[in-house]
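J.: Here it is, the structure, as structure tokens.
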Amino acid sequence: MLAWMIVRSAAPRDTATVQERTDSHALSAALAQWTLAPEPTAVHVTAAFAPAAREREWLRALAHAGVRVTWSGRSIPATAIEVAARNDPAGGVHVYVAAPAGSRATLSDAVGLLDTLGLAAGANALALPLSAGALDLLTGAQHARALAPDSLLPRQAVVLGRAGWEGKFVMASLEERGWKVSSRLRVGPNVFVTQGTPLALDSAHASVVIALDSSAAAYASAIAAFERSGGGVVLAGDAPVAASLRALAPGRAGPRVAAASLSFASTAPRRALGYFPILSLAGDAMPLESRDGHVIAAARRVGAGRVVQLGYDETWRWRLAGTGDAPAAHREYWSAVVSAAAYRAASPIGSAVQLGDAAPLASLYADLGAPTPPAASALHVTPGLRWWMFAVLALLLLAEWSSRRLRGAR
């Protein structure tokens, strides 16, 4: 019997395929059995949800060891989640999730449930002021997870323009939000009011420069160099009218359009603001805000930096005359505009590593290829030591011992 087992182990395997099958719930246990068993030449997973990253790596290792690995699962939803740090002193994250249109999903962090979502087609964006640990998107039985990214180090925002109500309240809103603000505001010919170090336009000191009006054209060469090196630029009001700043702008500033409303209604307060419409958008520009057929805000990349063009020139009226909590709304709006352009300097958070399950179904395709139905003629066997081999050896041993006892041998 021992000789036969030795010969059998040394002999080449049968040409017939011996296939093991399992499902998502029993996969962890099956992987250990498949790894220890010499018999299976093919394994198949019928998945109700995508295996975890650890299980996919194990299946890939089996495939590299010569086992044919296949999978199937029509009910696995195509989900994905991405988490990006908000470029805002207040912190928080932007979360982008995707799933089949009409799906219901839950979003949780390490503490617990954050929100229940009804998902539309394409990417769905959320802003979270606070989160703890990895974020988990659950759609049906499928989890998609992503860690919060590195934090963003704040740099100063530089405000350039004429002294007036707009400069005063833009600076106030940004400082209240937590931005460190430097400014150089023109009071008269060769007369300026300066705060901080506004002319230190490099990404080591500043993240964004805000040109409130066309008087900032005096610094056009420094602004352009800062933008090419990765800095952000906000061109507000009539700043793009200046020829020296026009090359950076996403579009051409048209004639000023009067406010469409006399009231700063809480539902649409910016309708009470006049603006310079953005005409003839550049081919690489993207509109951010539109009204009555006019583009009011747009953005583009120039070199390594970003430029946001904002048509409004008197947003201070919103802060002073708006209804509800107008100062907070004005503060939130300007911080969002500045964040869209600002240079992002990241600081690693400990030794956090991005999880491999941000897009589980896509990762499954990448690791194991396209789904394949199981072979109809596959034979299901239990891997491991054959019980009958052990039973035969035990019986032979018992027979030998009994024979010796019956013959009186010692």
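Labels used: A, B, ... for chains in the order of the structure tokens, numbers from 1 for residues in each chain, and numbers from 1 for ligands as shown.
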Excluding segment 356-360 of chain A and residues on its chain fewer than 3 positions from it, collect all residues at most 6 Å away from it, counting only C-alpha atoms, and give them as a list in words.
T.: Ala50, Ala53, Thr79, Ala80, Ile81, Ala144, Arg145, Ala146 and Ser363 of chain A
J.: Taking N, CA and C atoms for each residue, export the selection above as an mmCIF file, in the first residue's frame.
T.:
```cif
data_model
loop_
_atom_site.group_PDB
_atom_site.id
_atom_site.type_symbol
_atom_site.label_atom_id
_atom_site.label_comp_id
_atom_site.auth_asym_id
_atom_site.auth_seq_id
_atom_site.Cartn_x
_atom_site.Cartn_y
_atom_site.Cartn_z
ATOM 1 N N ALA A 50 -17.852 40.677 -4.975
ATOM 2 C CA ALA A 50 -16.451 40.526 -5.356
ATOM 3 C C ALA A 50 -15.613 40.090 -4.155
ATOM 4 N N ALA A 53 -9.598 41.913 -1.378
ATOM 5 C CA ALA A 53 -8.279 42.003 -2.001
ATOM 6 C C ALA A 53 -7.388 40.823 -1.602
ATOM 7 N N THR A 79 -19.462 49.062 -8.541
ATOM 8 C CA THR A 79 -19.395 50.185 -7.614
ATOM 9 C C THR A 79 -17.971 50.701 -7.522
ATOM 10 N N ALA A 80 -17.840 51.972 -7.138
ATOM 11 C CA ALA A 80 -16.517 52.568 -6.952
ATOM 12 C C ALA A 80 -16.652 53.746 -6.000
ATOM 13 N N ILE A 81 -15.592 54.009 -5.260
ATOM 14 C CA ILE A 81 -15.554 55.145 -4.345
ATOM 15 C C ILE A 81 -14.171 55.769 -4.390
ATOM 16 N N ALA A 144 -17.438 48.707 -1.079
ATOM 17 C CA ALA A 144 -16.310 49.391 -1.724
ATOM 18 C C ALA A 144 -15.717 50.321 -0.675
ATOM 19 N N ARG A 145 -14.402 50.256 -0.478
ATOM 20 C CA ARG A 145 -13.771 51.002 0.603
ATOM 21 C C ARG A 145 -12.612 51.828 0.082
ATOM 22 N N ALA A 146 -12.424 52.999 0.698
ATOM 23 C CA ALA A 146 -11.278 53.856 0.382
ATOM 24 C C ALA A 146 -10.893 54.628 1.631
ATOM 25 N N SER A 363 -11.430 45.641 -9.934
ATOM 26 C CA SER A 363 -10.250 44.936 -9.445
ATOM 27 C C SER A 363 -10.352 43.444 -9.724
#
```
J.: Go through segment 164-392 of chain A and collect every residue that DSSP, computed from the backbone, puts in strand (DSSP E or B); the answer should be as a PyMOL selection string.
T.: chain A and resi 181-188+191-195+206-211+232-236+252-253+257+275+278-279+286-291+294-302+305-310+312+345-347+379
J.: Tell me, as a PyMOL selection string, which residues lie within 8 Å of segment 111-120 of chain A, counting only C-alpha atoms; anything in the same chain fewer than 2 positions away does not count.
T.: chain A and resi 98-109+122-124+132
J.: Kindly indicate which residue among A:Ala121, A:Ala342, A:Ala30, A:Leu364 lies nearest to Trp179 of chain A, using only C-alpha atoms for the distances.
T.: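 Closest residue, counting only C-alpha atoms: A:Ala342.
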J.: Taking into account only C-alpha atoms, which residue in the set A:Arg74, A:Arg405, A:Arg317, A:Arg54 is nearest to Lys168 of chain A?
T.: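 Closest candidate: A:Arg317.
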J.: Choose the residue, out of A:Thr70, A:Thr139, A:Ser229, A:Thr315, that has the smallest atom-to-atom separation from Met171 of chain A; count only C-alpha atoms.
T.: A:Thr315
J.: Could the residues of segment 41-98 of chain A that have an atom at most 12 Å from segment 197-220 of chain A be listed as a tab-separated table, each with its closest atom pair and the distance in Å to one decimal, counting only C-alpha atoms and ordered by chain and ascending residue number?
T.:
```
residue	atom	partner	partner_atom	distance
A:Asn87	CA	A:Ser207	CA	10.0
A:Asp88	CA	A:Ser207	CA	11.1
A:Pro89	CA	A:Ser207	CA	12.0
```
J.: What does the distance from atom CA of Asp136 of chain A to atom CA of Gly73 of chain A come to in Å, to one decimal?
T.: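 Between atom CA of Asp136 of chain A and atom CA of Gly73 of chain A the gap is 21.5 Å.
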J.: Pick the closest to Trp316 of chain A from A:Phe390, A:Trp165, A:Phe192, A:Phe226: which is it, counting only C-alpha atoms?
T.: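 So, comparing all the options, the nearest one is A:Trp165.
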J.: Write out as a ChimeraX atom specification each polymer residue whose atoms come within 8 Å of Val307 of chain A, counting only C-alpha atoms; drop sequence neighbours fewer than 4 positions from it.
T.: /A:227,232-235,248-250,299-302,341
J.: Could those selected residues go to a file with C-alpha atoms, as a tab-separated table (two decimals), in the first residue's frame?
T.:
```tsv
chain	number	residue	atom	x	y	z
A	227	GLU	CA	0.71	79.89	-12.08
A	232	GLY	CA	-3.62	78.85	-8.37
A	233	VAL	CA	-5.06	82.06	-9.78
A	234	VAL	CA	-8.52	83.60	-9.37
A	235	LEU	CA	-9.36	86.35	-11.87
A	248	LEU	CA	-4.36	83.22	-18.47
A	249	ALA	CA	-8.14	83.57	-18.42
A	250	PRO	CA	-10.45	80.70	-19.43
A	299	ALA	CA	-11.73	77.17	-14.93
A	300	ARG	CA	-8.78	75.87	-16.92
A	301	ARG	CA	-5.27	74.55	-16.47
A	302	VAL	CA	-2.34	76.58	-17.69
A	341	ALA	CA	-7.77	76.99	-7.84
```
J.: Could you jot down the atom CA of Gly324 of chain A to atom CA of Val95 of chain A separation for me, Å, one decimal place?
T.: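 Rounded to one decimal, the two atoms are 28.0 Å apart.
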J.: What are the DSSP alpha helix (DSSP H) residues of segment 170-363 of chain A, as a count of residues only?
T.: 47
J.: Kindly give the distance, in Å, that separates atom CA of Val69 of chain A and atom CA of Ala32 of chain A, rounded to a single decimal.
T.: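 Spanning atom CA of Val69 of chain A to atom CA of Ala32 of chain A is a straight-line distance of 14.6 Å.
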J.: Nearest to Thr46 of chain A among A:Trp34, A:Ser72, A:Glu176, A:Ala26, with distances taken over only C-alpha atoms: which residue is it?
T.: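 The answer is A:Ser72, which sits nearest to Thr46 of chain A.
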